[in-house]
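Here's the structure we're looking at; comments come further down.
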Amino acid sequence: MTNEEKEKIIRHYISAYNRFDVEGMVAFLHSEIVFMNVLQEEVTAQTEGIEAFTSLANQAKEVFSDRHQKPIQFKFDGDKTVVAVAFKGTLANDLPNGMSKGEEIKLSGTSEFEFKENKITKITDFS
């Protein structure tokens with residue numbers, strides 16, 4: 001796979017994410033997809049396999065009334081692509097941690113994408 005092909009797939013995946021389009025996100029994923037979300041060095045979510053990822057992605061749709069992930073920079077290293085991202089979202093409901101419905105969250109971080117058989121096989125989000 002070329003770096004241009006990887007970037008195109010990642011951009012399509014992020015676009016689907018921003019539209020809350022789980023089917024569109026899953027279309028770019030390998031059946032053995034591994035997903036991890038790491039917040040301040042603590043793993044806050046992890047899935048293995050397309051069904052577990054789909055379930056988590058559908059649950060996550062309920063957290064935000066709107067969300068936007070913007071890729072800032074791409075770095076390519078073999079089968080791994082590291083994308084610097086800016087995230088902004090508005091909470092759809094009150095959260096147990098005290099954050100309130102309508103509150104805006106802004107984060108910056110990186111997402112690491114790994115590829116196998118022209119599909120995304122691993123995503124690790126760091127913020």
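Each chain of the structure tokens is named A, B, ... in the order shown, its residues numbered from 1; ligands are numbered from 1 in display order.
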
**Asked** Can you list, as an MDAnalysis selection string, every residue of region 33-62 of chain A that DSSP puts in strand (DSSP E)?
**Response** chainID A and resid 33:39 42:48

Can you write out the residues you just picked, keeping all heavy atoms, as a short mmCIF file (atom, residue, chain, number, x, y, z; two decimals), in the first residue's frame?
```cif
data_model
loop_
_atom_site.label_atom_id
_atom_site.label_comp_id
_atom_site.auth_asym_id
_atom_site.auth_seq_id
_atom_site.Cartn_x
_atom_site.Cartn_y
_atom_site.Cartn_z
N ILE A 33 -9.92 -6.19 13.55
CA ILE A 33 -9.56 -4.87 14.05
C ILE A 33 -9.35 -4.87 15.57
O ILE A 33 -10.14 -5.45 16.30
CB ILE A 33 -10.63 -3.80 13.66
CG1 ILE A 33 -10.24 -2.39 14.13
CG2 ILE A 33 -12.00 -4.18 14.20
CD1 ILE A 33 -9.08 -1.79 13.41
N VAL A 34 -8.29 -4.21 15.99
CA VAL A 34 -8.03 -3.98 17.41
C VAL A 34 -8.11 -2.47 17.61
O VAL A 34 -7.49 -1.71 16.88
CB VAL A 34 -6.64 -4.50 17.83
CG1 VAL A 34 -6.32 -4.10 19.26
CG2 VAL A 34 -6.56 -6.01 17.65
N PHE A 35 -8.89 -2.05 18.60
CA PHE A 35 -9.04 -0.63 18.91
C PHE A 35 -8.70 -0.40 20.37
O PHE A 35 -9.11 -1.16 21.24
CB PHE A 35 -10.47 -0.16 18.65
CG PHE A 35 -10.72 1.24 19.14
CD1 PHE A 35 -10.29 2.34 18.41
CD2 PHE A 35 -11.34 1.45 20.37
CE1 PHE A 35 -10.48 3.63 18.89
CE2 PHE A 35 -11.54 2.74 20.85
CZ PHE A 35 -11.11 3.84 20.11
N MET A 36 -7.93 0.68 20.62
CA MET A 36 -7.63 1.09 21.99
C MET A 36 -7.74 2.60 22.09
O MET A 36 -7.29 3.31 21.19
CB MET A 36 -6.22 0.68 22.41
CG MET A 36 -6.08 -0.79 22.69
SD MET A 36 -4.44 -1.33 23.26
CE MET A 36 -3.63 0.11 23.85
N ASN A 37 -8.33 3.06 23.17
CA ASN A 37 -8.34 4.50 23.48
C ASN A 37 -7.52 4.67 24.76
O ASN A 37 -7.78 4.01 25.76
CB ASN A 37 -9.76 5.01 23.70
CG ASN A 37 -9.78 6.51 23.84
OD1 ASN A 37 -9.62 7.23 22.86
ND2 ASN A 37 -9.94 6.98 25.05
N VAL A 38 -6.53 5.56 24.69
CA VAL A 38 -5.63 5.79 25.82
C VAL A 38 -5.75 7.26 26.22
O VAL A 38 -5.49 8.14 25.40
CB VAL A 38 -4.17 5.44 25.46
CG1 VAL A 38 -3.26 5.66 26.64
CG2 VAL A 38 -4.08 4.00 24.94
N LEU A 39 -6.17 7.49 27.46
CA LEU A 39 -6.31 8.84 27.99
C LEU A 39 -5.34 9.00 29.14
O LEU A 39 -5.43 8.28 30.13
CB LEU A 39 -7.75 9.08 28.46
CG LEU A 39 -8.06 10.44 29.07
CD1 LEU A 39 -7.85 11.55 28.05
CD2 LEU A 39 -9.49 10.46 29.58
N GLU A 42 -3.74 5.84 30.41
CA GLU A 42 -4.64 4.81 30.91
C GLU A 42 -5.56 4.35 29.78
O GLU A 42 -6.19 5.18 29.11
CB GLU A 42 -5.48 5.35 32.06
CG GLU A 42 -6.45 4.32 32.63
CD GLU A 42 -7.32 4.90 33.75
OE1 GLU A 42 -6.91 5.86 34.40
OE2 GLU A 42 -8.43 4.36 33.92
N VAL A 43 -5.63 3.03 29.56
CA VAL A 43 -6.52 2.49 28.54
C VAL A 43 -7.95 2.62 29.04
O VAL A 43 -8.31 2.06 30.07
CB VAL A 43 -6.18 1.02 28.22
CG1 VAL A 43 -7.18 0.44 27.23
CG2 VAL A 43 -4.76 0.89 27.68
N THR A 44 -8.76 3.41 28.31
CA THR A 44 -10.15 3.65 28.73
C THR A 44 -11.15 2.82 27.93
O THR A 44 -12.30 2.70 28.33
CB THR A 44 -10.51 5.14 28.61
OG1 THR A 44 -10.32 5.55 27.25
CG2 THR A 44 -9.64 5.98 29.54
N ALA A 45 -10.72 2.29 26.80
CA ALA A 45 -11.58 1.42 25.99
C ALA A 45 -10.70 0.54 25.12
O ALA A 45 -9.64 0.98 24.65
CB ALA A 45 -12.52 2.24 25.11
N GLN A 46 -11.14 -0.69 24.91
CA GLN A 46 -10.40 -1.61 24.05
C GLN A 46 -11.35 -2.64 23.48
O GLN A 46 -12.23 -3.14 24.19
CB GLN A 46 -9.30 -2.31 24.86
CG GLN A 46 -8.42 -3.20 24.03
CD GLN A 46 -7.21 -3.71 24.83
OE1 GLN A 46 -6.98 -3.33 25.96
NE2 GLN A 46 -6.45 -4.59 24.20
N THR A 47 -11.20 -2.92 22.18
CA THR A 47 -12.00 -3.94 21.54
C THR A 47 -11.11 -4.79 20.64
O THR A 47 -10.05 -4.33 20.19
CB THR A 47 -13.14 -3.36 20.67
OG1 THR A 47 -12.56 -2.62 19.58
CG2 THR A 47 -14.06 -2.47 21.48
N GLU A 48 -11.58 -6.00 20.36
CA GLU A 48 -10.94 -6.87 19.38
C GLU A 48 -12.02 -7.48 18.52
O GLU A 48 -12.98 -8.04 19.03
CB GLU A 48 -10.14 -7.97 20.08
CG GLU A 48 -8.93 -7.44 20.82
CD GLU A 48 -8.07 -8.54 21.43
OE1 GLU A 48 -8.04 -9.66 20.86
OE2 GLU A 48 -7.45 -8.28 22.47
#
```

Could you give me, as JSON lines, a per-residue list for region 28-124 of chain A showing, wherever an atom lies at most 9 Å from an atom of region 2-13 of chain A, the closest pair of atoms and their distance in Å to one decimal, using only C-alpha atoms and sorting by chain then residue number from low to high?
```
{"residue": "A:Phe28", "atom": "CA", "partner": "A:Tyr13", "partner_atom": "CA", "distance": 6.5}
{"residue": "A:Leu29", "atom": "CA", "partner": "A:Tyr13", "partner_atom": "CA", "distance": 8.7}
{"residue": "A:Pro71", "atom": "CA", "partner": "A:Arg11", "partner_atom": "CA", "distance": 7.8}
{"residue": "A:Phe74", "atom": "CA", "partner": "A:Glu7", "partner_atom": "CA", "distance": 7.6}
{"residue": "A:Phe76", "atom": "CA", "partner": "A:Asn3", "partner_atom": "CA", "distance": 6.7}
{"residue": "A:Gly78", "atom": "CA", "partner": "A:Asn3", "partner_atom": "CA", "distance": 8.9}
{"residue": "A:Asp79", "atom": "CA", "partner": "A:Lys6", "partner_atom": "CA", "distance": 9.0}
{"residue": "A:Thr81", "atom": "CA", "partner": "A:Lys6", "partner_atom": "CA", "distance": 7.8}
{"residue": "A:Val83", "atom": "CA", "partner": "A:Ile10", "partner_atom": "CA", "distance": 9.0}
{"residue": "A:Phe113", "atom": "CA", "partner": "A:Ile10", "partner_atom": "CA", "distance": 7.9}
{"residue": "A:Phe115", "atom": "CA", "partner": "A:Lys6", "partner_atom": "CA", "distance": 8.0}
{"residue": "A:Asn118", "atom": "CA", "partner": "A:Lys6", "partner_atom": "CA", "distance": 8.2}
{"residue": "A:Lys119", "atom": "CA", "partner": "A:Ile9", "partner_atom": "CA", "distance": 8.1}
{"residue": "A:Ile120", "atom": "CA", "partner": "A:Ile9", "partner_atom": "CA", "distance": 8.2}
```

Export, as a short mmCIF file (atom, residue, chain, number, x, y, z; two decimals), in the first residue's frame, the selected residues with all heavy atoms.
```cif
data_model
loop_
_atom_site.label_atom_id
_atom_site.label_comp_id
_atom_site.auth_asym_id
_atom_site.auth_seq_id
_atom_site.Cartn_x
_atom_site.Cartn_y
_atom_site.Cartn_z
N PHE A 28 -13.82 0.32 6.28
CA PHE A 28 -12.38 0.44 6.08
C PHE A 28 -11.58 -0.42 7.05
O PHE A 28 -10.35 -0.37 7.06
CB PHE A 28 -11.95 1.90 6.21
CG PHE A 28 -12.62 2.77 5.19
CD1 PHE A 28 -13.75 3.51 5.51
CD2 PHE A 28 -12.15 2.83 3.89
CE1 PHE A 28 -14.37 4.30 4.56
CE2 PHE A 28 -12.77 3.61 2.94
CZ PHE A 28 -13.88 4.34 3.27
N LEU A 29 -12.27 -1.22 7.87
CA LEU A 29 -11.61 -1.99 8.92
C LEU A 29 -11.46 -3.46 8.56
O LEU A 29 -12.35 -4.07 7.97
CB LEU A 29 -12.39 -1.87 10.23
CG LEU A 29 -12.65 -0.46 10.74
CD1 LEU A 29 -13.40 -0.51 12.06
CD2 LEU A 29 -11.35 0.32 10.88
N PRO A 71 -7.75 15.77 11.09
CA PRO A 71 -6.35 15.37 10.97
C PRO A 71 -5.47 16.59 10.69
O PRO A 71 -5.79 17.41 9.84
CB PRO A 71 -6.35 14.41 9.78
CG PRO A 71 -7.60 14.67 9.04
CD PRO A 71 -8.56 15.32 9.98
N PHE A 74 0.16 13.83 9.05
CA PHE A 74 0.34 12.40 8.84
C PHE A 74 1.84 12.07 8.86
O PHE A 74 2.62 12.77 8.21
CB PHE A 74 -0.24 11.97 7.49
CG PHE A 74 -1.73 11.97 7.44
CD1 PHE A 74 -2.44 13.15 7.29
CD2 PHE A 74 -2.44 10.79 7.52
CE1 PHE A 74 -3.82 13.16 7.24
CE2 PHE A 74 -3.83 10.78 7.47
CZ PHE A 74 -4.52 11.96 7.32
N PHE A 76 4.24 8.59 8.22
CA PHE A 76 4.18 7.21 7.75
C PHE A 76 5.45 6.47 8.16
O PHE A 76 6.55 6.98 7.99
CB PHE A 76 4.03 7.20 6.23
CG PHE A 76 2.81 7.93 5.75
CD1 PHE A 76 2.90 9.25 5.32
CD2 PHE A 76 1.57 7.32 5.76
CE1 PHE A 76 1.78 9.94 4.90
CE2 PHE A 76 0.44 8.00 5.33
CZ PHE A 76 0.55 9.31 4.90
N GLY A 78 6.31 2.47 7.66
CA GLY A 78 5.94 1.10 7.30
C GLY A 78 4.44 0.92 7.27
O GLY A 78 3.73 1.68 6.62
N ASP A 79 3.94 -0.07 8.00
CA ASP A 79 2.51 -0.33 8.05
C ASP A 79 1.78 0.54 9.07
O ASP A 79 0.57 0.46 9.22
CB ASP A 79 2.23 -1.81 8.36
CG ASP A 79 2.47 -2.70 7.15
OD1 ASP A 79 2.41 -2.19 6.02
OD2 ASP A 79 2.71 -3.90 7.35
N THR A 81 0.76 4.34 10.53
CA THR A 81 0.60 5.75 10.20
C THR A 81 0.14 6.47 11.45
O THR A 81 -0.85 6.08 12.07
CB THR A 81 -0.43 5.94 9.08
OG1 THR A 81 -0.02 5.19 7.93
CG2 THR A 81 -0.55 7.41 8.70
N VAL A 83 -1.25 9.90 13.04
CA VAL A 83 -1.97 11.11 12.63
C VAL A 83 -2.17 12.01 13.85
O VAL A 83 -2.77 11.58 14.84
CB VAL A 83 -3.34 10.77 12.01
CG1 VAL A 83 -4.03 12.03 11.52
CG2 VAL A 83 -3.19 9.76 10.89
N PHE A 113 -2.64 4.27 13.20
CA PHE A 113 -3.36 3.32 12.36
C PHE A 113 -2.36 2.30 11.82
O PHE A 113 -1.28 2.67 11.34
CB PHE A 113 -4.01 4.04 11.17
CG PHE A 113 -5.11 4.98 11.55
CD1 PHE A 113 -4.83 6.29 11.92
CD2 PHE A 113 -6.43 4.57 11.54
CE1 PHE A 113 -5.84 7.17 12.26
CE2 PHE A 113 -7.45 5.44 11.89
CZ PHE A 113 -7.16 6.74 12.25
N PHE A 115 -2.08 -1.23 9.19
CA PHE A 115 -2.77 -1.80 8.04
C PHE A 115 -2.37 -3.24 7.78
O PHE A 115 -1.23 -3.63 8.03
CB PHE A 115 -2.47 -0.97 6.79
CG PHE A 115 -3.08 0.40 6.83
CD1 PHE A 115 -2.45 1.45 7.45
CD2 PHE A 115 -4.31 0.63 6.23
CE1 PHE A 115 -3.01 2.71 7.50
CE2 PHE A 115 -4.89 1.89 6.27
CZ PHE A 115 -4.23 2.93 6.90
N ASN A 118 -4.77 -4.22 3.01
CA ASN A 118 -5.39 -2.98 2.53
C ASN A 118 -6.55 -2.49 3.39
O ASN A 118 -7.42 -1.75 2.92
CB ASN A 118 -5.83 -3.11 1.07
CG ASN A 118 -4.65 -3.32 0.16
OD1 ASN A 118 -3.56 -2.81 0.39
ND2 ASN A 118 -4.85 -4.09 -0.89
N LYS A 119 -6.57 -2.89 4.65
CA LYS A 119 -7.60 -2.45 5.60
C LYS A 119 -6.91 -2.00 6.89
O LYS A 119 -5.78 -2.40 7.18
CB LYS A 119 -8.56 -3.60 5.95
CG LYS A 119 -9.37 -4.13 4.79
CD LYS A 119 -10.68 -3.43 4.72
CE LYS A 119 -11.60 -4.09 3.71
NZ LYS A 119 -12.92 -3.53 3.74
N ILE A 120 -7.60 -1.20 7.67
CA ILE A 120 -7.09 -0.80 8.97
C ILE A 120 -7.25 -1.98 9.92
O ILE A 120 -8.35 -2.50 10.09
CB ILE A 120 -7.85 0.42 9.52
CG1 ILE A 120 -7.72 1.62 8.57
CG2 ILE A 120 -7.34 0.77 10.92
CD1 ILE A 120 -8.66 2.77 8.90
#
```

**Request:** For CA of Lys80 (chain A) and CA of Asn58 (chain A), quote the distance in Å rounded to one decimal.
**Result:** 25.7 Å

**Message:** So that I can check the surroundings of Phe64 (chain A), please list as a list in words every protein, DNA and RNA residue that reaches within 9 Å of it, counting only C-alpha atoms and ignoring chain neighbours fewer than 3 positions away.
**Reply:** Ala60, Lys61, Arg67, Gly89, Thr90, Leu91, Ala92, Asn93, Lys101 and Gly102 of chain A

**Request:** Find the residue from A:Glu51, A:Glu112, A:Glu103, A:Glu62 that sits nearest to His30 (chain A); use only C-alpha atoms when measuring.
**Result:** A:Glu51

**Message:** Residues of region 40-118 of chain A classed as helix (DSSP H, G or I) by DSSP on the backbone are to be reported as a ChimeraX atom specification.
**Reply:** /A:50-60

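For the residues A:Ile14, A:Ala27, A:Ile123, A:Met1, ranking by smallest atom-to-atom distance to Phe87 (chain A) using only C-alpha atoms places A:Ile14 first.
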
**Prompt:** Could you state the separation of CA of Gly24 (chain A) and CA of Val63 (chain A) in Å, given to one decimal place?
**Reply:**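 For CA of Gly24 (chain A) relative to CA of Val63 (chain A), the distance reads 18.7 Å.
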
**Atom-to-atom span, CA of Lys70 (chain A) and CA of Arg19 (chain A), Å** =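 Interatomic distance here is 12.5 Å.
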
**Asked** From the list A:Val22, A:Ala16, A:Met99, A:Ile50, which residue is nearest Lys122 (chain A) when using only C-alpha atoms?
**Response**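 Of A:Val22, A:Ala16, A:Met99, A:Ile50, the one nearest Lys122 (chain A), counting only C-alpha atoms, is A:Ile50.
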
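Between Ala52 (chain A) and the candidates A:Ser31, A:Ser111, A:Thr124, A:Gln73, the tightest atom-to-atom separation, counting only C-alpha atoms, involves A:Ser31.
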